[in-house]
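Q: So here's model.txt (compact mmCIF, C-alpha atoms).
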```
# COMPACT_ATOMS: atom_id res chain seq x y z
CA MET A 29 126.85 140.33 206.27
CA LEU A 30 126.45 136.59 206.36
CA GLY A 31 127.69 136.65 209.98
CA LEU A 32 124.98 139.16 210.85
CA CYS A 33 122.34 137.00 209.22
CA MET A 34 123.62 133.94 211.08
CA ARG A 35 123.06 135.68 214.41
CA TYR A 36 119.40 136.24 213.53
CA ALA A 37 118.72 132.93 211.85
CA ARG A 38 118.28 129.50 213.36
CA ASN A 39 120.68 127.84 210.91
CA ARG A 40 122.98 128.60 208.01
CA GLU A 41 120.43 127.92 205.28
CA GLU A 42 118.02 130.39 206.77
CA ALA A 43 120.85 132.90 207.12
CA GLU A 44 121.74 132.55 203.43
CA ASP A 45 118.13 133.04 202.46
CA ILE A 46 117.94 136.23 204.52
CA LEU A 47 121.19 137.40 202.93
CA GLN A 48 119.88 136.85 199.39
CA THR A 49 116.62 138.64 200.04
CA GLY A 50 118.46 141.45 201.80
CA PHE A 51 120.86 142.03 198.92
CA VAL A 52 118.05 142.00 196.41
CA LYS A 53 116.46 144.79 198.44
CA VAL A 54 119.79 146.62 198.59
CA PHE A 55 120.17 146.57 194.80
CA THR A 56 116.61 147.44 193.99
CA GLN A 57 115.98 150.02 196.70
CA ILE A 58 119.34 151.71 196.59
CA ASP A 59 117.59 154.94 195.67
CA SER A 60 116.22 155.12 199.20
CA PHE A 61 119.75 155.44 200.62
CA ARG A 62 119.91 159.08 201.58
CA GLY A 63 123.63 159.17 202.27
CA ASP A 64 123.27 160.57 205.78
CA GLY A 65 125.26 157.68 207.25
CA PRO A 66 127.73 154.99 206.26
CA PHE A 67 126.60 152.75 203.44
CA GLU A 68 127.55 149.63 205.40
CA GLY A 69 125.28 150.72 208.24
CA TRP A 70 122.41 151.09 205.78
CA ILE A 71 123.04 147.59 204.42
CA ARG A 72 123.13 146.16 207.98
CA ARG A 73 119.82 147.86 208.68
CA VAL A 74 118.34 146.33 205.53
CA MET A 75 119.54 142.90 206.61
CA VAL A 76 118.08 143.24 210.09
CA ASN A 77 114.73 144.38 208.67
CA THR A 78 114.81 141.44 206.26
CA ALA A 79 115.39 139.05 209.15
CA ILE A 80 112.46 140.51 211.08
CA ALA A 81 110.26 140.34 207.98
CA SER A 82 111.30 136.73 207.48
CA TYR A 83 110.06 135.82 210.93
CA ARG A 84 106.80 137.65 210.35
CA LYS A 85 106.38 136.06 206.92
CA ASN A 86 106.76 132.59 208.37
CA GLY A 87 104.07 133.36 210.91
CA ARG A 88 106.33 133.04 213.87
CA SER A 89 105.46 135.00 216.96
CA ILE A 90 108.14 137.30 218.23
CA GLN A 91 106.57 137.31 221.66
CA VAL A 92 107.89 134.22 223.40
CA ALA A 93 107.44 132.54 226.70
CA GLU A 94 109.29 133.76 229.70
CA LEU A 95 112.80 132.60 230.16
CA SER A 96 113.72 131.33 233.55
CA GLU A 97 115.68 133.89 235.50
CA ALA A 98 119.37 133.52 235.17
CA ASP A 99 120.82 132.59 238.44
CA SER A 100 123.99 134.57 238.30
CA HIS A 101 125.19 137.79 236.65
CA SER A 102 128.03 138.42 238.94
CA HIS A 103 130.96 136.39 237.76
CA ASP A 104 133.06 136.80 234.66
CA VAL A 105 131.54 134.68 231.98
CA GLY A 106 134.73 134.21 229.94
CA ILE A 107 133.68 135.31 226.47
CA ASP A 108 137.28 135.53 225.33
CA SER A 109 137.75 131.81 225.73
CA LEU A 110 135.03 131.06 223.16
CA ASP A 111 135.33 131.50 219.45
CA CYS A 112 132.71 133.12 217.22
CA GLU A 113 131.15 129.89 216.07
CA ASP A 114 130.52 128.83 219.66
CA LEU A 115 129.06 132.21 220.56
CA LEU A 116 126.80 132.08 217.54
CA SER A 117 125.61 128.62 218.49
CA ILE A 118 124.71 129.85 221.96
CA ILE A 119 122.88 132.91 220.62
CA ARG A 120 120.93 130.72 218.23
CA THR A 121 119.55 128.74 221.10
CA LEU A 122 117.72 131.83 222.33
CA PRO A 123 114.02 132.02 221.55
CA VAL A 124 113.23 134.21 218.56
CA GLY A 125 112.02 137.30 220.39
CA TYR A 126 114.92 137.32 222.82
CA ARG A 127 117.40 136.72 220.06
CA LEU A 128 116.07 139.60 218.00
CA VAL A 129 116.05 142.05 220.89
CA PHE A 130 119.50 141.07 222.09
CA ASN A 131 121.07 141.25 218.63
CA MET A 132 119.44 144.56 217.83
CA TYR A 133 120.36 146.21 221.10
CA ALA A 134 123.66 144.66 222.15
CA ILE A 135 125.30 144.07 218.75
CA GLU A 136 123.67 146.52 216.28
CA GLY A 137 123.14 149.33 218.76
CA TYR A 138 119.43 150.02 218.28
CA SER A 139 117.59 151.84 221.05
CA HIS A 140 114.68 150.25 222.88
CA LYS A 141 112.33 152.68 221.15
CA GLU A 142 113.54 151.59 217.72
CA ILE A 143 113.32 147.95 218.70
CA ALA A 144 109.79 148.43 220.02
CA GLU A 145 108.70 150.05 216.73
CA ALA A 146 110.39 147.43 214.59
CA LEU A 147 109.04 144.45 216.52
CA GLN A 148 105.73 146.13 217.41
CA ILE A 149 106.18 145.55 221.10
CA SER A 150 106.39 147.94 224.01
CA GLU A 151 109.67 149.45 225.19
CA GLY A 152 109.19 147.76 228.51
CA ALA A 153 108.92 144.39 226.83
CA SER A 154 112.06 145.17 224.88
CA LYS A 155 113.96 146.01 228.05
CA SER A 156 112.64 142.96 229.83
CA GLN A 157 113.52 140.60 227.03
CA LEU A 158 116.98 142.13 226.71
CA SER A 159 117.64 141.66 230.40
CA ARG A 160 116.44 138.08 230.39
CA ALA A 161 118.34 137.24 227.19
CA ARG A 162 121.53 138.75 228.52
CA GLY A 163 121.26 136.83 231.82
CA TRP A 164 120.44 133.62 230.03
CA LEU A 165 123.46 134.03 227.69
CA GLN A 166 125.81 134.83 230.54
CA THR A 167 124.69 131.71 232.34
CA LYS A 168 125.09 129.55 229.25
CA ILE A 169 128.54 130.93 228.46
CA SER A 170 129.65 130.45 232.06
CA GLN A 171 128.47 126.87 232.01
CA ILE A 172 130.33 126.13 228.79
CA THR A 173 133.57 127.78 229.86
CA ALA A 174 133.45 126.01 233.19
CA TYR A 175 132.90 122.70 231.40
CA GLU A 176 135.84 123.34 229.07
CA LEU A 177 138.08 124.33 231.99
CA LYS A 178 137.25 121.11 233.74
CA GLY A 179 137.88 119.04 230.68
CA MET B 2 121.78 148.59 233.23
CA ASN B 3 124.98 148.20 235.14
CA LEU B 4 128.55 148.35 233.99
CA LYS B 5 128.86 144.58 233.84
CA ASP B 6 126.04 144.42 231.34
CA ASN B 7 127.71 147.05 229.20
CA GLU B 8 130.97 145.17 229.37
CA PHE B 9 129.28 141.92 228.43
CA ASP B 10 127.60 143.56 225.44
CA ARG B 11 130.86 145.20 224.34
CA GLN B 12 132.79 141.92 224.48
CA LEU B 13 130.14 140.13 222.45
CA ARG B 14 129.94 142.99 219.93
CA GLU B 15 133.67 143.04 219.36
CA LYS B 16 133.79 139.29 219.03
CA LEU B 17 130.87 138.98 216.63
CA HIS B 18 131.43 142.14 214.57
CA GLY B 19 134.60 140.73 213.15
CA PHE B 20 133.08 137.41 212.35
CA THR B 21 133.08 136.86 208.58
CA PRO B 22 132.04 133.36 207.66
CA ASP B 23 132.88 132.02 204.21
CA VAL B 24 130.24 132.77 201.68
CA PRO B 25 129.26 129.64 199.74
CA GLU B 26 129.91 129.57 196.02
CA GLY B 27 126.95 130.41 193.90
CA LEU B 28 125.35 132.68 196.48
CA TRP B 29 126.00 135.77 194.38
CA GLY B 30 124.75 133.92 191.34
CA LYS B 31 121.49 133.23 193.14
CA ILE B 32 121.20 136.89 194.07
CA ALA B 33 121.88 137.89 190.44
CA ALA B 34 119.25 135.43 189.22
CA ARG B 35 116.67 136.85 191.62
CA LEU B 36 117.59 140.35 190.49
CA ASP B 37 117.04 139.32 186.85
CA VAL B 38 113.64 137.88 187.69
CA ASP B 39 112.74 140.99 189.63
CA ALA B 40 113.88 143.21 186.79
CA ASP B 41 111.38 141.43 184.55
CA GLY B 42 108.68 142.63 186.90
CA LYS B 43 107.33 139.20 187.67
CA SER B 44 108.08 138.75 191.31
CA THR B 45 108.85 141.53 193.71
CA PHE B 46 108.48 144.75 191.90
CA GLU B 47 105.47 146.22 190.37
CA VAL B 48 106.03 147.31 186.83
CA LEU B 49 103.74 149.92 185.48
CA PRO B 50 101.77 148.65 182.49
CA LYS B 51 102.86 150.05 179.20
CA SER B 52 100.51 152.56 177.78
CA LYS B 53 98.75 151.20 174.72
CA THR B 54 99.34 153.86 172.12
CA VAL B 55 98.70 153.26 168.47
CA PRO B 56 101.79 154.16 166.41
CA GLY B 57 101.48 157.09 164.08
CA TRP B 58 102.31 155.08 160.98
CA TRP B 59 99.40 152.75 161.80
CA LEU B 60 97.04 155.71 161.77
CA ALA B 61 98.52 156.97 158.50
CA ALA B 62 98.18 153.51 156.89
CA ALA B 63 94.59 153.19 158.06
CA ALA B 64 93.75 156.63 156.70
CA ALA B 65 95.36 155.81 153.35
CA LEU B 66 93.40 152.56 153.17
CA VAL B 67 90.14 154.37 153.83
CA ILE B 68 90.95 156.98 151.18
CA LEU B 69 91.79 154.31 148.60
CA ALA B 70 88.63 152.37 149.35
CA LEU B 71 86.52 155.48 148.99
CA GLY B 72 88.28 156.38 145.75
CA PHE B 73 87.53 152.96 144.28
CA TRP B 74 83.96 153.17 145.44
CA ILE B 75 83.43 156.58 143.90
CA ASN B 76 85.01 155.54 140.60
CA ARG B 77 83.28 152.20 140.48
CA PRO B 78 82.01 151.12 137.02
CA VAL B 79 78.52 152.37 136.25
CA GLU B 80 75.99 150.23 134.43
CA VAL B 81 75.68 151.25 130.80
CA ILE B 82 72.18 152.25 129.72
CA TYR B 83 71.47 151.78 126.03
CA LEU B 84 69.19 154.28 124.44
CA GLN B 85 66.43 152.95 122.31
CA GLY B 86 66.37 153.77 118.65
CA ASN B 87 68.80 154.00 115.83
CA THR B 88 71.66 156.31 116.57
CA GLU B 89 74.77 157.15 114.75
CA ARG B 90 78.14 157.17 116.30
CA ALA B 91 80.69 159.82 115.68
CA ASP B 92 82.48 157.63 113.19
CA GLY B 93 79.33 157.34 111.13
CA GLN B 94 78.60 153.73 111.84
CA SER B 95 75.06 152.89 112.76
CA LEU B 96 74.34 151.09 115.97
CA GLU B 97 72.18 148.06 115.72
CA ARG B 98 68.91 148.11 117.57
CA PRO B 99 68.46 145.20 119.95
CA ALA B 100 66.07 142.59 118.67
CA HIS B 101 63.58 142.91 121.53
CA ILE B 102 62.85 146.58 120.83
CA PRO B 103 60.15 146.92 118.14
CA SER B 104 60.73 149.47 115.48
CA LEU B 105 58.19 152.08 114.58
CA PRO B 106 56.86 152.13 111.04
CA ARG B 107 58.82 154.38 108.81
CA GLU B 108 57.21 157.38 107.22
CA ASP B 109 56.44 157.92 103.68
CA SER B 110 59.42 158.89 101.60
CA SER B 111 57.50 161.86 100.24
CA ASN B 112 57.57 163.56 103.66
CA GLU B 113 61.27 162.97 104.18
CA GLY B 114 63.01 166.05 105.49
CA THR B 115 59.86 167.54 107.03
CA PRO B 116 59.81 167.64 110.78
CA LEU B 117 56.85 165.88 112.29
CA VAL B 118 55.06 166.64 115.53
CA ALA B 119 53.45 163.90 117.52
CA VAL B 120 50.06 164.83 118.95
CA LYS B 121 48.59 162.75 121.71
CA VAL B 122 45.03 161.73 121.13
CA PRO B 123 42.96 161.85 124.31
CA ASP B 124 42.31 158.51 125.83
CA PRO B 125 38.62 157.77 125.45
CA ARG B 126 38.57 155.63 128.58
CA PRO B 127 37.50 157.20 131.87
CA LYS B 128 40.26 158.22 134.29
CA PRO B 129 40.58 156.16 137.43
CA GLN B 130 39.07 157.83 140.46
CA ARG B 131 41.45 158.57 143.29
CA SER B 132 40.17 157.31 146.58
CA ALA B 133 42.35 159.39 148.90
CA PRO B 134 45.25 161.80 148.39
CA ILE B 135 48.65 160.30 148.83
CA LYS B 136 51.02 162.60 150.60
CA ARG B 137 54.42 161.18 149.88
CA ALA B 138 55.56 159.34 146.84
CA SER B 139 58.26 157.56 148.77
CA ALA B 140 55.64 155.67 150.71
CA VAL B 141 55.29 153.26 147.84
CA LYS B 142 58.18 150.84 147.90
CA ALA B 143 56.97 147.77 146.09
CA PRO B 144 57.76 147.88 142.40
CA VAL B 145 54.80 147.78 140.12
CA SER B 146 54.78 144.68 138.03
CA ALA B 147 54.37 145.30 134.37
CA LYS B 148 52.07 142.41 133.84
CA HIS B 149 49.45 143.88 136.18
CA VAL B 150 49.29 147.14 134.29
CA PRO B 151 47.15 147.00 131.25
CA ASP B 152 48.71 148.28 128.10
CA ARG B 153 47.32 151.46 126.80
CA HIS B 154 46.46 152.00 123.21
CA VAL B 155 47.66 155.37 122.02
CA ALA B 156 46.55 156.67 118.73
CA VAL B 157 49.03 159.00 117.18
CA SER B 158 48.43 161.14 114.20
CA LEU B 159 51.20 162.97 112.49
CA ARG B 160 50.73 166.57 111.56
CA ASN B 161 52.92 168.76 109.44
CA PRO B 162 53.61 172.03 111.29
CA LYS B 163 53.67 173.88 108.01
CA GLY B 164 50.08 173.09 107.51
CA GLY B 165 48.05 170.14 106.63
CA SER B 166 48.22 166.86 108.23
CA VAL B 167 50.39 164.10 107.09
CA GLN B 168 48.37 161.38 105.63
CA PRO B 169 49.20 158.02 106.97
CA PRO B 170 50.22 155.39 104.59
CA THR B 171 47.51 153.95 102.61
CA ASP B 172 47.57 150.61 104.43
CA THR B 173 45.42 151.24 107.42
CA LEU B 174 45.12 153.21 110.62
CA LYS B 175 46.07 150.13 112.57
CA THR B 176 49.62 150.75 111.63
CA TYR B 177 49.69 153.82 113.87
CA ILE B 178 48.07 152.24 116.84
CA VAL B 179 50.85 150.67 118.77
CA GLN B 180 50.97 149.09 122.12
CA VAL B 181 53.12 150.97 124.58
CA PRO B 182 53.58 150.04 128.20
CA SER B 183 51.89 152.23 130.67
CA VAL B 184 54.13 155.00 131.87
CA ASP B 185 51.81 156.16 134.60
CA PRO B 186 53.71 156.65 137.84
CA PRO B 187 52.81 154.22 140.58
CA VAL B 188 51.47 157.15 142.60
CA VAL B 189 49.44 159.90 141.09
CA LEU B 190 50.49 163.26 142.47
CA ASP B 191 48.51 166.44 142.60
CA ASP B 192 49.54 169.30 140.41
CA ILE B 193 50.84 171.19 143.42
CA GLU B 194 52.96 168.29 144.51
CA GLU B 195 54.36 167.82 141.06
CA GLU B 196 55.24 171.48 140.92
CA MET B 197 56.94 171.29 144.30
CA LEU B 198 58.96 168.34 143.16
CA ALA B 199 59.97 170.08 139.98
CA THR B 200 61.01 173.30 141.72
CA ALA B 201 62.75 171.65 144.69
CA PRO B 202 66.45 172.49 144.89
CA PRO B 203 68.74 169.63 144.07
CA SER B 204 69.85 167.72 147.12
CA ASP B 205 73.48 167.72 148.05
CA SER B 206 75.52 165.03 146.46
CA PHE B 207 77.27 162.40 148.54
CA GLY B 208 79.72 164.19 150.80
CA ALA B 209 82.72 162.01 150.04
CA GLY B 210 84.98 165.04 150.15
CA GLN B 211 83.68 166.00 153.56
CA LEU B 212 84.20 162.46 154.82
CA LEU B 213 87.76 162.33 153.50
CA ASN B 214 88.51 165.73 155.00
CA TRP B 215 87.28 164.41 158.32
CA VAL B 216 89.59 161.39 158.05
CA VAL B 217 92.55 163.60 157.16
CA GLY B 218 91.69 165.90 160.04
CA ALA B 219 91.67 162.97 162.44
CA VAL B 220 95.20 162.03 161.39
CA ASP B 221 96.65 165.47 160.76
CA GLN B 222 95.92 167.65 163.76
CA ARG B 223 97.43 170.77 162.26
CA ALA B 224 95.26 173.71 161.35
CA GLU B 225 96.60 173.60 157.79
CA LYS B 226 96.16 170.19 156.17
CA ALA B 227 98.55 168.68 153.66
CA VAL B 228 95.69 167.20 151.60
CA THR B 229 92.17 168.54 151.19
CA PHE B 230 89.25 167.09 149.27
CA ALA B 231 86.38 168.85 147.58
CA SER B 232 83.38 167.78 145.54
CA ASP B 233 82.26 169.93 142.63
CA GLY B 234 78.74 170.32 141.32
CA GLU B 235 79.05 167.37 138.96
CA GLY B 236 79.98 164.97 141.72
CA SER B 237 83.66 164.71 140.84
CA LEU B 238 86.18 164.53 143.67
CA ARG B 239 88.97 167.09 143.65
CA ILE B 240 92.16 166.56 145.63
CA ASP B 241 94.32 169.52 146.61
CA PHE B 242 97.86 168.97 147.90
CA ASN B 243 99.50 171.63 150.03
CA PHE B 244 103.07 171.31 148.82
CA GLY B 245 104.15 174.42 150.70
CA LEU B 246 103.40 172.68 153.97
CA ALA B 247 105.62 169.74 153.01
CA LYS B 248 108.48 172.07 152.11
CA ASN B 249 108.22 173.87 155.43
CA ARG B 250 108.32 170.56 157.24
CA LYS B 251 111.52 169.58 155.43
CA LYS B 252 113.15 172.85 156.42
CA LYS B 253 112.30 172.19 160.08
```
For this file, write the structure as structure tokens.

A:
Amino acid sequence: MLGLCMRYARNREEAEDILQTGFVKVFTQIDSFRGDGPFEGWIRRVMVNTAIASYRKNGRSIQVAELSEADSHSHDVGIDSLDCEDLLSIIRTLPVGYRLVFNMYAIEGYSHKEIAEALQISEGASKSQLSRARGWLQTKISQITAYELKG
Amino acid sequence: MNLKDNEFDRQLREKLHGFTPDVPEGLWGKIAARLDVDADGKSTFEVLPKSKTVPGWWLAAAAALVILALGFWINRPVEVIYLQGNTERADGQSLERPAHIPSLPREDSSNEGTPLVAVKVPDPRPKPQRSAPIKRASAVKAPVSAKHVPDRHVAVSLRNPKGGSVQPPTDTLKTYIVQVPSVDPPVVLDDIEEEMLATAPPSDSFGAGQLLNWVVGAVDQRAEKAVTFASDGEGSLRIDFNFGLAKNRKKK
């Protein structure tokens, strides 16, 4: 679960804080687990909601400025050549709104409707931010892998 | 969304799903500490306030205290009133008359054993005229000072009921004229009012029994009470215990 929190947080300390708050909610609101799905999935959902609440609590806006269009989506970005720590570092560089949408859709498997309700944005904004975040990540990963290949 | 996007998402998901960073030591301790604080109801969770109910034994103790206080108050020592005159106690000893009470002159020894009847001689002075009828005697609250009331001189002659009057001692008639304090009531009532007062039914005595029954009823909500109080005509308090009720309670 700490890995999940690190994808949503800007740094490790913030990730640990989200983890603590999330587990407190898990222990105290365990009665709300209805058992209609895996328990781990319920805990992951609690952690994601805690991360979103943490951003709202700190007064950060989830709506962010436009990312510049990624220039290329066509080539293989070479994810396999990067380890998890490097991928996490790249994801953390995303602006908050993009990072949340990308994590929720691409990693956790939420639908755009669920993301729109959770982040109180429109589905169109969710799709747009996902597309821009994905393109931006692909570009960044390509740049890093190309740099490592050269070196 | 094209296939390349799906493939990119899948690769990232597989890579990051298996990522399990080391959890720092003490993290679970911090979570446990926050859970302890939350369990105390001071931070995250709202704890319903405890209902303020008075324990039953407190009510019983308060009721017993009230009953004891009332019992002491009812049986409080009463001021002893000494009767004037020479009396004899059951053991034959004579009680001494206090020094401030003057003694009447004793009769002649020749008339000893003959009952005497005191006859009031009409007061020669004119009666005071009443200015206006007074309706209620309770309206007068200020005590009448004795020094403002003039003493009345009452002449008493002794008469033998068998015939003939008893001759006073040879000294003088002054011996039989004594000064007595005025016994006139502070308010002069009409004959009708005096009769109404005399024939009025006695008022109810202090309802200590009723008060105690009310206290017991407040504590014991059952229809049949374990203790009941009653006041008789003489003002004594009677306590009745329902032992059958206590036995039934033990059986339950």

Q: A:Lys53, A:Arg38, A:Lys85, A:Ala153: which is nearest chain B, counting all atoms listed in the file?

A: A:Lys53

Q: Looking at only C-alpha atoms, which of A:Arg72, A:Arg62, A:Arg35, A:Arg40 is the one that sits closest to Tyr126 of chain A?

A: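 Ranked by minimum distance to Tyr126 of chain A, first place goes to A:Arg35.
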
Q: Within 10 Å of chain B, which residues of chain A come that close, and what is the closest atom pair and distance in Å for each? Count only C-alpha atoms and give it as a tab-separated table.

A:
```
residue	atom	partner	partner_atom	distance
A:Met29	CA	B:Thr21	CA	7.5
A:Leu30	CA	B:Pro22	CA	6.6
A:Gly31	CA	B:Thr21	CA	5.6
A:Leu32	CA	B:His18	CA	8.0
A:Met34	CA	B:Pro22	CA	9.1
A:Arg35	CA	B:Leu17	CA	8.8
A:Glu44	CA	B:Leu28	CA	7.8
A:Asp45	CA	B:Leu28	CA	9.4
A:Leu47	CA	B:Ile32	CA	8.9
A:Gln48	CA	B:Ile32	CA	5.5
A:Thr49	CA	B:Ile32	CA	7.7
A:Gly50	CA	B:Ile32	CA	9.4
A:Phe51	CA	B:Ile32	CA	7.1
A:Val52	CA	B:Leu36	CA	6.2
A:Lys53	CA	B:Leu36	CA	9.2
A:Phe55	CA	B:Leu36	CA	8.0
A:Thr56	CA	B:Leu36	CA	8.0
A:His101	CA	B:Lys5	CA	8.2
A:Ser102	CA	B:Lys5	CA	8.0
A:His103	CA	B:Lys5	CA	9.3
A:Asp104	CA	B:Lys5	CA	8.9
A:Val105	CA	B:Phe9	CA	8.4
A:Gly106	CA	B:Phe9	CA	9.6
A:Ile107	CA	B:Gln12	CA	7.0
A:Asp108	CA	B:Gln12	CA	7.9
A:Leu110	CA	B:Lys16	CA	9.3
A:Asp111	CA	B:Lys16	CA	8.0
A:Cys112	CA	B:Leu17	CA	6.2
A:Glu113	CA	B:Phe20	CA	8.6
A:Leu115	CA	B:Leu17	CA	8.0
A:Leu116	CA	B:Leu17	CA	8.1
A:Phe130	CA	B:Asp10	CA	9.1
A:Asn131	CA	B:Arg14	CA	9.1
A:Tyr133	CA	B:Asp10	CA	8.8
A:Ala134	CA	B:Asp10	CA	5.2
A:Ile135	CA	B:Arg14	CA	4.9
A:Glu136	CA	B:Arg14	CA	8.1
A:Gly137	CA	B:Arg14	CA	9.4
A:Lys155	CA	B:Met2	CA	9.7
A:Ser159	CA	B:Met2	CA	8.6
A:Arg162	CA	B:Asp6	CA	7.8
A:Gly163	CA	B:Asp6	CA	9.0
A:Leu165	CA	B:Phe9	CA	9.8
A:Gln166	CA	B:Phe9	CA	8.2
```

Q: Go ahead and compute the interatomic distance for atom CA of Ala79 of chain A and atom CA of Ile46 of chain A, in Å to one decimal.

A: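 Atom-to-atom, atom CA of Ala79 of chain A and atom CA of Ile46 of chain A are spaced 6.0 Å apart.
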
Q: I'd like the interatomic distance between atom CA of Glu142 of chain A and atom CA of Phe61 of chain A, to a tenth of an Å.

A: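 Computing it gives 18.6 Å between the two atoms.
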
Q: I need the residue nearest Val228 of chain B from this list: B:Val55, B:Ala65, B:Leu60, B:Ile75. Use all atoms listed in the file for the distance.

A: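 Among the listed residues, B:Ala65 lies closest to Val228 of chain B.
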
Q: So the first atom is atom CA of Asn39 of chain A and the second is atom CA of Arg120 of chain A; what is the distance between them in Å, to one decimal place?

A: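 Separation of atom CA of Asn39 of chain A and atom CA of Arg120 of chain A: 7.9 Å.
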
Q: Give me the residues near Leu128 of chain A as a PyMOL selection string, where near means some atom within 12 Å (using all atoms listed in the file) and where sequence neighbours in that chain fewer than 3 positions away do not count.

A: chain A and resi 32-38+76-83+89-92+119-125+131-136+138+140+143-144+146-147+149+154+157-158+161-162

Q: So which residues touch Ser232 of chain B within 9 Å, counting only C-alpha atoms, skipping near sequence neighbours fewer than 5 positions away, as a PyMOL selection string?

A: chain B and resi 206-211+237-240

Q: Would you pick out the contacts of Val54 of chain A at 9 Å or less, using only C-alpha atoms, so that residues sharing its chain but fewer than 5 positions from it are not included, and give the list as JSON, numbers by chain?

A: {"A": [49, 70, 71, 74, 75]}

Q: What would the file be for segment 137-154 of chain A if you keep N, CA and C atoms and write it as an mmCIF file, in the first residue's frame?

A:
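That gives us decode_4.cif:
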```cif
data_model
loop_
_atom_site.group_PDB
_atom_site.id
_atom_site.type_symbol
_atom_site.label_atom_id
_atom_site.label_comp_id
_atom_site.auth_asym_id
_atom_site.auth_seq_id
_atom_site.Cartn_x
_atom_site.Cartn_y
_atom_site.Cartn_z
ATOM 1 N N GLY A 137 -7.696 1.322 -12.337
ATOM 2 C CA GLY A 137 -8.778 0.798 -13.155
ATOM 3 C C GLY A 137 -10.129 1.479 -12.936
ATOM 4 N N TYR A 138 -10.142 2.680 -12.429
ATOM 5 C CA TYR A 138 -11.414 3.412 -12.294
ATOM 6 C C TYR A 138 -11.906 3.826 -13.682
ATOM 7 N N SER A 139 -13.199 4.003 -13.810
ATOM 8 C CA SER A 139 -13.763 4.521 -15.050
ATOM 9 C C SER A 139 -13.727 6.051 -15.011
ATOM 10 N N HIS A 140 -13.913 6.655 -16.167
ATOM 11 C CA HIS A 140 -13.910 8.126 -16.204
ATOM 12 C C HIS A 140 -15.078 8.697 -15.391
ATOM 13 N N LYS A 141 -16.184 7.970 -15.364
ATOM 14 C CA LYS A 141 -17.331 8.448 -14.582
ATOM 15 C C LYS A 141 -16.989 8.469 -13.080
ATOM 16 N N GLU A 142 -16.349 7.396 -12.636
ATOM 17 C CA GLU A 142 -15.972 7.345 -11.214
ATOM 18 C C GLU A 142 -14.939 8.431 -10.893
ATOM 19 N N ILE A 143 -14.012 8.614 -11.804
ATOM 20 C CA ILE A 143 -12.994 9.638 -11.561
ATOM 21 C C ILE A 143 -13.638 11.027 -11.517
ATOM 22 N N ALA A 144 -14.581 11.250 -12.431
ATOM 23 C CA ALA A 144 -15.241 12.560 -12.465
ATOM 24 C C ALA A 144 -15.987 12.819 -11.163
ATOM 25 N N GLU A 145 -16.657 11.775 -10.619
ATOM 26 C CA GLU A 145 -17.389 11.955 -9.355
ATOM 27 C C GLU A 145 -16.424 12.171 -8.187
ATOM 28 N N ALA A 146 -15.346 11.418 -8.200
ATOM 29 C CA ALA A 146 -14.409 11.517 -7.075
ATOM 30 C C ALA A 146 -13.685 12.856 -7.061
ATOM 31 N N LEU A 147 -13.318 13.330 -8.235
ATOM 32 C CA LEU A 147 -12.542 14.582 -8.307
ATOM 33 C C LEU A 147 -13.428 15.798 -8.574
ATOM 34 N N GLN A 148 -14.731 15.537 -8.744
ATOM 35 C CA GLN A 148 -15.701 16.611 -9.003
ATOM 36 C C GLN A 148 -15.292 17.419 -10.245
ATOM 37 N N ILE A 149 -15.016 16.666 -11.281
ATOM 38 C CA ILE A 149 -14.741 17.271 -12.579
ATOM 39 C C ILE A 149 -15.637 16.577 -13.603
ATOM 40 N N SER A 150 -15.630 17.057 -14.806
ATOM 41 C CA SER A 150 -16.445 16.424 -15.841
ATOM 42 C C SER A 150 -15.710 15.215 -16.409
ATOM 43 N N GLU A 151 -16.477 14.327 -17.052
ATOM 44 C CA GLU A 151 -15.849 13.148 -17.664
ATOM 45 C C GLU A 151 -14.926 13.572 -18.804
ATOM 46 N N GLY A 152 -15.336 14.601 -19.488
ATOM 47 C CA GLY A 152 -14.494 15.093 -20.584
ATOM 48 C C GLY A 152 -13.158 15.593 -20.067
ATOM 49 N N ALA A 153 -13.177 16.270 -18.955
ATOM 50 C CA ALA A 153 -11.928 16.758 -18.369
ATOM 51 C C ALA A 153 -11.070 15.596 -17.927
ATOM 52 N N SER A 154 -11.730 14.544 -17.418
ATOM 53 C CA SER A 154 -10.976 13.364 -17.001
ATOM 54 C C SER A 154 -10.284 12.722 -18.207
#
```
